[in-house]
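Printed here is coords_32.txt (compact mmCIF, C-alpha atoms):
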# COMPACT_ATOMS: atom_id res chain seq x y z
CA MET A 1 68.72 91.90 108.14
CA HIS A 2 67.64 95.38 106.99
CA PHE A 3 66.15 95.38 103.46
CA LEU A 4 68.75 97.79 102.06
CA ARG A 5 71.58 95.65 103.36
CA LYS A 6 70.05 92.59 101.69
CA LEU A 7 70.60 94.36 98.39
CA LEU A 8 74.33 94.30 99.15
CA LEU A 9 74.53 90.50 99.45
CA PRO A 10 76.19 90.07 96.00
CA PHE A 11 78.98 92.39 97.15
CA SER A 12 79.27 90.40 100.39
CA LEU A 13 79.78 87.26 98.34
CA LEU A 14 82.64 88.95 96.48
CA TYR A 15 84.14 90.21 99.76
CA TRP A 16 83.83 86.74 101.27
CA LEU A 17 85.62 85.22 98.27
CA ILE A 18 88.50 87.70 98.56
CA THR A 19 88.97 87.07 102.31
CA PHE A 20 88.56 83.30 101.84
CA VAL A 21 91.30 83.16 99.21
CA ARG A 22 93.57 85.40 101.30
CA ASN A 23 93.13 83.17 104.37
CA ALA A 24 93.68 80.04 102.27
CA PHE A 25 96.95 81.46 100.92
CA TYR A 26 98.17 82.05 104.47
CA ASN A 27 96.92 78.67 105.68
CA HIS A 28 98.83 76.87 102.91
CA GLY A 29 102.00 78.94 103.12
CA ILE A 30 101.59 80.74 99.79
CA PHE A 31 101.63 83.99 101.78
CA LYS A 32 104.31 83.89 104.47
CA SER A 33 103.44 84.22 108.16
CA TYR A 34 106.15 85.06 110.67
CA ILE A 35 106.63 83.39 114.06
CA PHE A 36 108.56 85.10 116.86
CA PRO A 37 110.55 83.65 119.79
CA VAL A 38 108.26 85.24 122.38
CA PRO A 39 104.65 84.47 123.36
CA VAL A 40 102.28 86.52 121.20
CA ILE A 41 98.57 86.82 122.07
CA VAL A 42 96.07 88.31 119.64
CA VAL A 43 92.87 89.93 120.91
CA GLY A 44 90.38 90.62 118.13
CA ASN A 45 87.03 89.95 116.54
CA LEU A 46 85.35 89.04 113.28
CA SER A 47 83.07 92.08 113.37
CA THR A 48 83.91 95.70 112.65
CA GLY A 49 83.89 96.78 116.30
CA GLY A 50 81.98 97.15 119.53
CA THR A 51 83.03 93.84 121.10
CA GLY A 52 84.98 95.27 124.04
CA LYS A 53 88.56 94.71 122.94
CA THR A 54 89.95 97.47 125.14
CA PRO A 55 88.65 96.16 128.51
CA GLN A 56 89.62 92.61 127.51
CA THR A 57 93.15 93.72 126.64
CA GLU A 58 93.36 95.59 129.94
CA TYR A 59 92.25 92.43 131.74
CA LEU A 60 95.20 90.59 130.17
CA ILE A 61 97.58 93.40 131.09
CA ARG A 62 96.51 93.18 134.74
CA LEU A 63 96.80 89.41 134.69
CA LEU A 64 100.25 89.26 133.11
CA SER A 65 102.13 92.42 134.07
CA SER A 66 102.78 91.35 137.67
CA ARG A 67 104.69 88.28 136.43
CA PHE A 68 106.04 89.18 133.01
CA LYS A 69 107.46 92.07 131.04
CA VAL A 70 104.46 92.96 128.87
CA ALA A 71 104.25 94.93 125.65
CA VAL A 72 101.09 95.92 123.78
CA LEU A 73 101.22 96.55 120.04
CA SER A 74 98.36 98.23 118.18
CA ARG A 75 98.03 99.79 114.76
CA GLY A 76 96.95 103.07 116.40
CA TYR A 77 93.66 103.57 114.60
CA LYS A 78 93.07 107.19 113.47
CA ARG A 79 96.38 108.45 114.87
CA LYS A 80 98.01 111.35 113.06
CA SER A 81 101.44 109.76 112.91
CA LYS A 82 103.07 107.13 110.73
CA GLY A 83 105.25 104.08 111.23
CA PHE A 84 106.49 102.57 114.47
CA ILE A 85 106.19 104.62 117.66
CA LEU A 86 107.07 103.47 121.16
CA ALA A 87 104.99 105.42 123.66
CA ASN A 88 106.80 107.88 125.91
CA SER A 89 106.04 110.88 128.09
CA SER A 90 105.50 113.12 125.07
CA SER A 91 102.92 110.79 123.49
CA ASN A 92 99.22 111.59 123.27
CA ALA A 93 96.06 110.32 121.60
CA SER A 94 97.01 112.10 118.39
CA THR A 95 100.35 110.31 118.05
CA LEU A 96 99.27 106.90 119.39
CA GLY A 97 95.51 106.67 118.90
CA ASP A 98 93.06 106.78 121.79
CA GLU A 99 93.19 103.13 122.87
CA PRO A 100 97.00 102.71 122.92
CA TYR A 101 97.29 106.03 124.74
CA GLN A 102 94.80 104.74 127.30
CA PHE A 103 96.96 101.62 127.85
CA TYR A 104 100.06 103.77 128.23
CA SER A 105 98.35 106.18 130.65
CA LYS A 106 96.93 103.45 132.89
CA PHE A 107 99.78 100.96 132.95
CA PRO A 108 103.17 102.68 133.35
CA ASN A 109 104.92 99.35 133.96
CA ILE A 110 104.36 98.05 130.41
CA HIS A 111 105.57 99.09 126.96
CA VAL A 112 103.02 100.32 124.42
CA ALA A 113 103.79 100.71 120.74
CA VAL A 114 101.89 101.36 117.52
CA ASP A 115 102.64 100.18 114.00
CA ALA A 116 100.29 99.21 111.18
CA ASN A 117 102.98 96.70 110.14
CA ARG A 118 102.72 94.29 113.08
CA LYS A 119 105.75 92.28 111.94
CA ASN A 120 107.94 95.37 112.01
CA GLY A 121 106.32 96.47 115.27
CA ILE A 122 107.21 93.19 116.98
CA GLU A 123 110.77 93.30 115.64
CA GLN A 124 111.21 96.83 117.00
CA LEU A 125 109.75 95.89 120.39
CA LEU A 126 112.09 92.90 120.68
CA LEU A 127 115.02 95.17 119.86
CA LEU A 128 114.08 98.11 122.09
CA SER A 129 112.28 96.66 125.12
CA ALA A 130 112.79 92.84 125.10
CA PRO A 131 109.25 91.95 126.28
CA GLN A 132 108.45 88.50 127.63
CA VAL A 133 104.94 88.54 126.13
CA ILE A 134 103.35 90.70 123.43
CA LEU A 135 99.63 91.49 123.21
CA LEU A 136 98.45 92.33 119.69
CA ASP A 137 95.39 94.55 119.98
CA ASP A 138 92.80 94.20 117.20
CA ALA A 139 94.97 92.00 114.99
CA TYR A 140 92.78 88.96 114.34
CA GLN A 141 92.88 89.52 110.56
CA HIS A 142 96.61 90.38 110.52
CA ARG A 143 97.81 87.05 109.15
CA ARG A 144 101.38 88.15 108.38
CA VAL A 145 102.17 87.48 112.05
CA LYS A 146 101.33 84.02 113.35
CA ALA A 147 100.49 84.36 117.03
CA GLY A 148 100.72 81.58 119.54
CA LEU A 149 97.27 82.26 121.00
CA TYR A 150 94.20 83.86 119.46
CA ILE A 151 91.38 85.25 121.61
CA LEU A 152 88.22 85.97 119.61
CA LEU A 153 85.62 88.32 121.06
CA THR A 154 81.95 88.43 120.12
CA ALA A 155 79.32 90.61 121.79
CA TYR A 156 76.35 88.99 123.53
CA GLY A 157 73.83 91.08 121.59
CA ASP A 158 75.64 90.75 118.26
CA LEU A 159 77.06 87.24 117.91
CA TYR A 160 79.13 86.59 114.80
CA ALA A 161 77.04 83.45 114.29
CA ASN A 162 74.04 85.70 113.59
CA ASP A 163 75.89 88.13 111.32
CA PHE A 164 76.92 88.41 107.67
CA ILE A 165 80.10 89.53 105.99
CA LEU A 166 80.50 93.14 104.84
CA PRO A 167 78.79 95.11 103.41
CA ALA A 168 75.49 93.28 104.00
CA GLY A 169 76.58 92.57 107.57
CA ASN A 170 79.37 93.65 109.90
CA LEU A 171 81.88 90.79 109.63
CA ARG A 172 85.40 91.48 108.36
CA GLU A 173 85.72 87.89 107.24
CA GLY A 174 83.54 84.79 107.13
CA ARG A 175 82.43 82.97 110.25
CA GLY A 176 84.96 80.27 109.44
CA GLY A 177 87.64 82.65 110.68
CA ALA A 178 86.61 81.66 114.20
CA LYS A 179 88.52 78.40 113.69
CA ARG A 180 91.81 80.21 114.34
CA ALA A 181 90.81 81.04 117.93
CA ALA A 182 91.88 78.96 120.89
CA ILE A 183 89.55 81.02 123.10
CA ILE A 184 86.19 82.62 122.33
CA VAL A 185 84.92 85.25 124.76
CA VAL A 186 81.28 86.33 124.64
CA THR A 187 81.44 89.90 125.93
CA LYS A 188 78.94 92.42 127.31
CA CYS A 189 76.69 89.71 128.75
CA PRO A 190 74.08 90.34 131.44
CA PRO A 191 75.87 89.64 134.74
CA ASN A 192 73.20 87.08 135.71
CA LEU A 193 73.47 85.05 132.49
CA SER A 194 72.46 81.50 133.45
CA ALA A 195 74.26 78.29 132.59
CA GLU A 196 71.34 77.32 130.34
CA GLN A 197 71.59 80.60 128.43
CA GLN A 198 75.35 80.15 128.11
CA ASN A 199 74.83 76.70 126.62
CA GLN A 200 72.34 78.10 124.11
CA ILE A 201 74.96 80.60 122.94
CA ILE A 202 77.65 77.91 122.77
CA ASN A 203 75.33 75.84 120.57
CA LYS A 204 74.94 78.82 118.23
CA LEU A 205 78.69 79.41 118.05
CA LYS A 206 79.45 75.72 117.46
CA PRO A 207 83.03 75.82 118.80
CA LEU A 208 85.52 73.27 117.57
CA LYS A 209 86.82 70.55 119.83
CA GLY A 210 89.41 72.14 122.10
CA GLN A 211 88.09 75.69 121.73
CA LYS A 212 87.13 77.20 125.07
CA VAL A 213 84.16 79.59 125.40
CA TYR A 214 83.92 82.11 128.24
CA PHE A 215 81.39 84.79 129.16
CA THR A 216 82.13 88.27 130.47
CA ALA A 217 80.15 91.31 131.57
CA ILE A 218 81.06 94.99 131.68
CA ALA A 219 81.60 96.27 135.22
CA TYR A 220 81.33 100.03 135.65
CA ASP A 221 83.40 101.90 138.20
CA ASP A 222 81.50 103.27 141.20
CA ALA A 223 82.82 106.79 140.56
CA ILE A 224 83.61 109.18 137.74
CA HIS A 225 87.06 110.74 137.58
CA SER A 226 88.72 113.92 136.34
CA GLU A 227 92.38 114.91 136.41
CA THR A 228 92.08 116.04 140.01
CA ASP A 229 88.77 114.78 141.40
CA SER A 230 86.41 111.82 141.74
CA ILE A 231 82.65 111.82 142.30
CA SER A 232 80.76 108.78 143.55
CA LEU A 233 77.91 107.68 141.30
CA ILE A 234 75.69 107.54 144.38
CA THR A 235 75.94 111.30 144.77
CA LEU A 236 75.70 112.06 141.05
CA ASP A 237 71.93 111.82 140.53
CA ASP A 238 71.18 115.50 141.12
CA THR A 239 74.23 116.81 139.28
CA PRO A 240 73.49 118.48 135.91
CA LYS A 241 75.55 116.61 133.34
CA ILE A 242 76.20 116.01 129.66
CA LEU A 243 77.07 112.50 128.51
CA VAL A 244 79.44 112.33 125.55
CA ALA A 245 80.37 109.11 123.74
CA GLY A 246 82.32 108.49 120.56
CA ILE A 247 82.29 104.69 120.68
CA ALA A 248 80.76 102.01 118.47
CA LYS A 249 77.82 101.20 120.75
CA PRO A 250 77.19 103.97 123.29
CA LYS A 251 73.71 102.94 124.51
CA PRO A 252 74.87 100.95 127.58
CA PHE A 253 77.03 103.90 128.67
CA PHE A 254 74.10 106.29 128.34
CA ASP A 255 71.69 103.89 130.03
CA HIS A 256 74.02 103.47 132.99
CA LEU A 257 74.36 107.18 133.73
CA ALA A 258 71.55 109.14 132.13
CA GLU A 259 68.73 110.80 134.03
CA SER A 260 65.66 112.09 132.20
CA ASP A 261 66.98 115.65 131.83
CA ASP A 262 70.56 114.80 130.82
CA ASN A 263 71.96 115.54 127.38
CA CYS A 264 73.28 112.43 125.57
CA MET A 265 75.61 113.34 122.72
CA ALA A 266 76.72 110.46 120.47
CA TYR A 267 79.52 110.69 117.92
CA PRO A 268 81.11 108.11 115.57
CA ASP A 269 83.63 105.64 116.97
CA HIS A 270 87.10 107.18 117.56
CA HIS A 271 85.62 110.58 116.64
CA ASP A 272 88.09 113.41 116.10
CA PHE A 273 86.29 116.35 117.71
CA THR A 274 86.24 119.50 115.60
CA GLU A 275 86.94 123.00 116.91
CA GLY A 276 83.22 123.79 116.60
CA GLU A 277 82.21 120.71 118.59
CA LEU A 278 84.77 121.46 121.27
CA ALA A 279 83.52 125.04 121.49
CA GLU A 280 79.95 123.75 121.89
CA LEU A 281 80.98 121.34 124.66
CA ASP A 282 83.02 124.07 126.33
CA LYS A 283 79.96 126.33 126.38
CA LEU A 284 77.74 123.57 127.77
CA SER A 285 80.29 122.77 130.49
CA GLU A 286 79.77 126.21 132.02
CA THR A 287 76.59 124.93 133.69
CA LYS A 288 77.00 121.14 133.57
CA ILE A 289 79.82 118.65 134.01
CA ILE A 290 80.78 116.50 131.03
CA ILE A 291 81.05 112.75 131.52
CA THR A 292 82.57 110.69 128.76
CA THR A 293 83.98 107.21 128.21
CA GLU A 294 87.57 106.55 129.15
CA LYS A 295 88.53 106.17 125.48
CA ASP A 296 86.93 109.51 124.57
CA TYR A 297 88.59 111.14 127.57
CA MET A 298 91.97 110.36 126.01
CA ARG A 299 91.01 112.52 123.02
CA LEU A 300 89.23 115.28 124.99
CA LYS A 301 91.55 115.94 127.92
CA GLY A 302 93.50 119.13 127.52
CA LYS A 303 90.87 120.47 125.14
CA LEU A 304 88.09 121.11 127.68
CA PRO A 305 88.19 122.52 131.25
CA ALA A 306 89.90 119.89 133.42
CA ASP A 307 87.59 120.53 136.37
CA ARG A 308 84.46 119.97 134.24
CA LEU A 309 85.54 116.88 132.26
CA TYR A 310 85.07 113.42 133.82
CA TYR A 311 85.21 109.83 132.58
CA LEU A 312 83.70 106.54 133.75
CA PRO A 313 86.13 103.58 133.76
CA ILE A 314 84.94 100.08 132.90
CA LYS A 315 86.37 96.60 133.37
CA SER A 316 85.74 93.19 131.88
CA GLU A 317 84.63 90.63 134.49
CA PHE A 318 84.14 86.93 133.91
CA ILE A 319 80.71 85.63 134.88
CA ASP A 320 82.31 82.36 135.90
CA GLU A 321 85.41 80.26 135.16
CA ALA A 322 87.74 83.24 135.54
CA ASP A 323 90.38 81.00 137.15
CA ASP A 324 90.24 78.60 134.23
CA PHE A 325 90.71 81.47 131.75
CA ASN A 326 93.57 82.92 133.80
CA ASN A 327 95.34 79.58 134.04
CA THR A 328 94.95 79.00 130.30
CA ILE A 329 96.66 82.33 129.58
CA LEU A 330 99.39 81.89 132.20
CA ASP A 331 100.11 78.31 131.10
CA TYR A 332 100.59 79.49 127.51
CA VAL A 333 102.94 82.34 128.46
CA GLU A 334 104.94 80.26 130.93
Full structure transcribed into structure tokens:
Amino acid sequence: MHFLRKLLLPFSLLYWLITFVRNAFYNHGIFKSYIFPVPVIVVGNLSTGGTGKTPQTEYLIRLLSSRFKVAVLSRGYKRKSKGFILANSSSNASTLGDEPYQFYSKFPNIHVAVDANRKNGIEQLLLLSAPQVILLDDAYQHRRVKAGLYILLTAYGDLYANDFILPAGNLREGRGGAKRAAIIVVTKCPPNLSAEQQNQIINKLKPLKGQKVYFTAIAYDDAIHSETDSISLITLDDTPKILVAGIAKPKPFFDHLAESDDNCMAYPDHHDFTEGELAELDKLSETKIIITTEKDYMRLKGKLPADRLYYLPIKSEFIDEADDFNNTILDYVE
């Protein structure tokens, strides 16, 4: 741990105590949790971000939407709207938040809604769209709703077992919060992660009896895409480009695409680009194409030249035991 963060350990102890008491109140019924007559799956993490919730949620959407009427509910982080909103053709990243807008844009056969009050959000979805299964995006700490299945994500290079609670570390609650999960997914693994290495990680995580641990890797698309065009990565090497990322951990994105003479421009996660930054990118795009992440594209499209702005899609892929994971999810919903 960095020396300066060690100085914050007393504050972490206080934060841990607050979250411990809060969880205990929910566990013992002092604070009320609500159960709904529809399968509810939570996808979340103990850490503050960068675990790959969006591709994991999309994996579940692909798995479930061919069999069930699916709804996704998110709080809509950094959106400029309030209350419950059910996505429609007039929605955008500003009204929904970048991740929910991405779900809505990619999966027209599902319902997407945002509400910081997940209980109210579920009630509204049941009233308006009658889903057969609801995915709660980034709601692991939202104890007011008691889900039927909790999926906990932890990144390969940043396991919660090696971390500390805020502000000395990056955990939103103590490691004991992992007990609520039925499934733990170690994300962003090297694709060739061996069985021995997987077992070493499982030993670090110390799952409870009955908890299942899976391992996934990020799979990049073989092309970048704009509103009207696609370019194969094979033919991209000699193309002058600027790489733009406003995500928690942009290094893998840069490493995957960057050549020695490419500009790599990193911004904070969910960054709201200013007029000055957009003007700078617009100027740069006169001589180079801009490639960004899919999440950033949701916030940038319509603000930069459509023929110069591209994004690189990603997917979550299981290293092994994908069928077992799929069957676990389908068995729960069915």
Determine, counting all atoms listed in the file, which protein, DNA and RNA residues have an atom within 9 Å of an atom of Glu294 (chain A); residues of the same chain fewer than 3 positions away are not included. Present the result as a VMD selection string.
-> chain A and resid 102 297 to 298 310 to 314
Quick one: of A:Ser89, A:Phe164, A:Arg143, A:Leu8, who's nearest to Ile30 (chain A), counting all atoms listed in the file?
-> A:Arg143
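Each of A:Leu153, A:Leu136, A:Ala168, A:Val145 was checked against Tyr15 (chain A) using all atoms listed in the file; the smallest atom-to-atom distance is that of A:Ala168.
Between Leu236 (chain A) and the residues A:Tyr267, A:Glu58, A:Lys204, A:Glu259, the shortest atom-to-atom distance, using only C-alpha atoms, involves A:Glu259.
The space between CA of Pro268 (chain A) and CA of Arg62 (chain A) spans 28.8 Å.
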So what do you get for CA of Tyr104 (chain A) versus CA of Ser47 (chain A), distance-wise?
-> 25.4 Å
Could you work out an axis-aligned box for region 115-133 of chain A, taking every atom the file lists and adding 3 Å on each side, and report centre and edge lengths in Å to one decimal, as lines of an AutoDock Vina configuration file?
center_x = 107.7
center_y = 94.3
center_z = 118.9
size_x = 20.7
size_y = 17.7
size_z = 23.5
What's around Leu330 (chain A) at 10 Å? Count only C-alpha atoms, leave out sequence neighbours fewer than 5 positions away in its own chain, and write the answer as a compact mmCIF listing (two decimals) with C-alpha atoms, in the frame of the given file.
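The resulting file, selection-v2.txt, is shown below:
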# COMPACT_ATOMS: atom_id res chain seq x y z
CA LEU A 60 95.20 90.59 130.17
CA LEU A 63 96.80 89.41 134.69
CA LEU A 64 100.25 89.26 133.11
CA ARG A 67 104.69 88.28 136.43
CA PHE A 68 106.04 89.18 133.01
CA ASP A 324 90.24 78.60 134.23
CA PHE A 325 90.71 81.47 131.75
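Proximity ranking of A:Glu334, A:Asp323, A:Asp222, A:Glu277 relative to Thr235 (chain A) places A:Asp222 first, based on all atoms listed in the file.
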Measuring atom to atom with all atoms listed in the file, identify which of A:Arg75, A:Ser194, A:Ser316, A:Val114 is nearest to Thr57 (chain A).
-> A:Ser316
Long-range neighbours of Ile247 (chain A) as a ChimeraX atom specification, 9 Å cut-off, only C-alpha atoms, 6 positions minimum in chain | /A:50,266-271,293,295-296
Nearest to Gly44 (chain A): which of A:Gly177, A:Pro190, A:Gly276, A:Pro131 is it, counting only C-alpha atoms?
-> A:Gly177
Could you work out how far CA of Lys241 (chain A) lies from CA of Ile289 (chain A), giving the answer in Å with one decimal?
-> 4.8 Å
With a distance cut-off of 12 Å and all atoms listed in the file, select the neighbouring residues of region 174-176 of chain A, excluding the residue or stretch itself and same-chain residues fewer than 5 positions from it, and output the selection as a VMD selection string.
-> chain A and resid 12 to 24 45 to 47 141 152 154 159 to 167 169 181 204 to 208
Quick one: residues within 9 Å of (103.9, 107.8, 122.6) (file frame), counting only C-alpha atoms, please, as a ChimeraX atom specification.
-> /A:85-93,95-96,100-101,104,112-114
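If you count only C-alpha atoms and draw a sphere of 8 Å around (85.2, 125.4, 134.4), the protein and nucleic acid residues inside it come out as Ser285, Glu286, Pro305, Ala306, Asp307 and Arg308 of chain A.
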Since the input is missing atoms for region 243-261 of chain A, could you rebuild it with N, CA and C atoms and give the result as a short mmCIF file (atom, residue, chain, number, x, y, z; two decimals), in the coordinates of the input?
data_model
loop_
_atom_site.label_atom_id
_atom_site.label_comp_id
_atom_site.auth_asym_id
_atom_site.auth_seq_id
_atom_site.Cartn_x
_atom_site.Cartn_y
_atom_site.Cartn_z
N LEU A 243 76.40 113.77 128.78
CA LEU A 243 77.07 112.50 128.51
C LEU A 243 77.54 112.51 127.05
N VAL A 244 78.82 112.27 126.87
CA VAL A 244 79.44 112.33 125.55
C VAL A 244 80.10 110.99 125.25
N ALA A 245 79.78 110.41 124.10
CA ALA A 245 80.37 109.11 123.74
C ALA A 245 80.67 109.06 122.25
N GLY A 246 81.91 108.75 121.93
CA GLY A 246 82.32 108.49 120.56
C GLY A 246 82.83 107.08 120.44
N ILE A 247 81.95 106.11 120.73
CA ILE A 247 82.29 104.69 120.68
C ILE A 247 81.29 103.98 119.79
N ALA A 248 81.58 102.73 119.44
CA ALA A 248 80.76 102.01 118.47
C ALA A 248 79.32 101.82 118.94
N LYS A 249 79.16 101.48 120.22
CA LYS A 249 77.82 101.20 120.75
C LYS A 249 77.65 101.90 122.09
N PRO A 250 77.21 103.16 122.07
CA PRO A 250 77.19 103.97 123.29
C PRO A 250 75.97 103.76 124.20
N LYS A 251 74.96 103.02 123.74
CA LYS A 251 73.71 102.94 124.51
C LYS A 251 73.92 102.44 125.94
N PRO A 252 74.69 101.38 126.18
CA PRO A 252 74.87 100.95 127.58
C PRO A 252 75.49 102.03 128.46
N PHE A 253 76.41 102.81 127.91
CA PHE A 253 77.03 103.90 128.67
C PHE A 253 75.98 104.94 129.04
N PHE A 254 75.16 105.33 128.07
CA PHE A 254 74.10 106.29 128.34
C PHE A 254 73.09 105.74 129.34
N ASP A 255 72.69 104.49 129.14
CA ASP A 255 71.69 103.89 130.03
C ASP A 255 72.18 103.82 131.47
N HIS A 256 73.48 103.62 131.64
CA HIS A 256 74.02 103.47 132.99
C HIS A 256 74.03 104.78 133.77
N LEU A 257 74.17 105.90 133.05
CA LEU A 257 74.36 107.18 133.73
C LEU A 257 73.22 108.17 133.58
N ALA A 258 72.46 108.06 132.50
CA ALA A 258 71.55 109.14 132.13
C ALA A 258 70.33 109.23 133.04
N GLU A 259 70.01 110.46 133.43
CA GLU A 259 68.73 110.80 134.03
C GLU A 259 67.87 111.45 132.95
N SER A 260 66.61 111.64 133.22
CA SER A 260 65.66 112.09 132.20
C SER A 260 66.03 113.43 131.58
N ASP A 261 66.68 114.31 132.34
CA ASP A 261 66.98 115.65 131.83
C ASP A 261 68.43 115.82 131.38
#
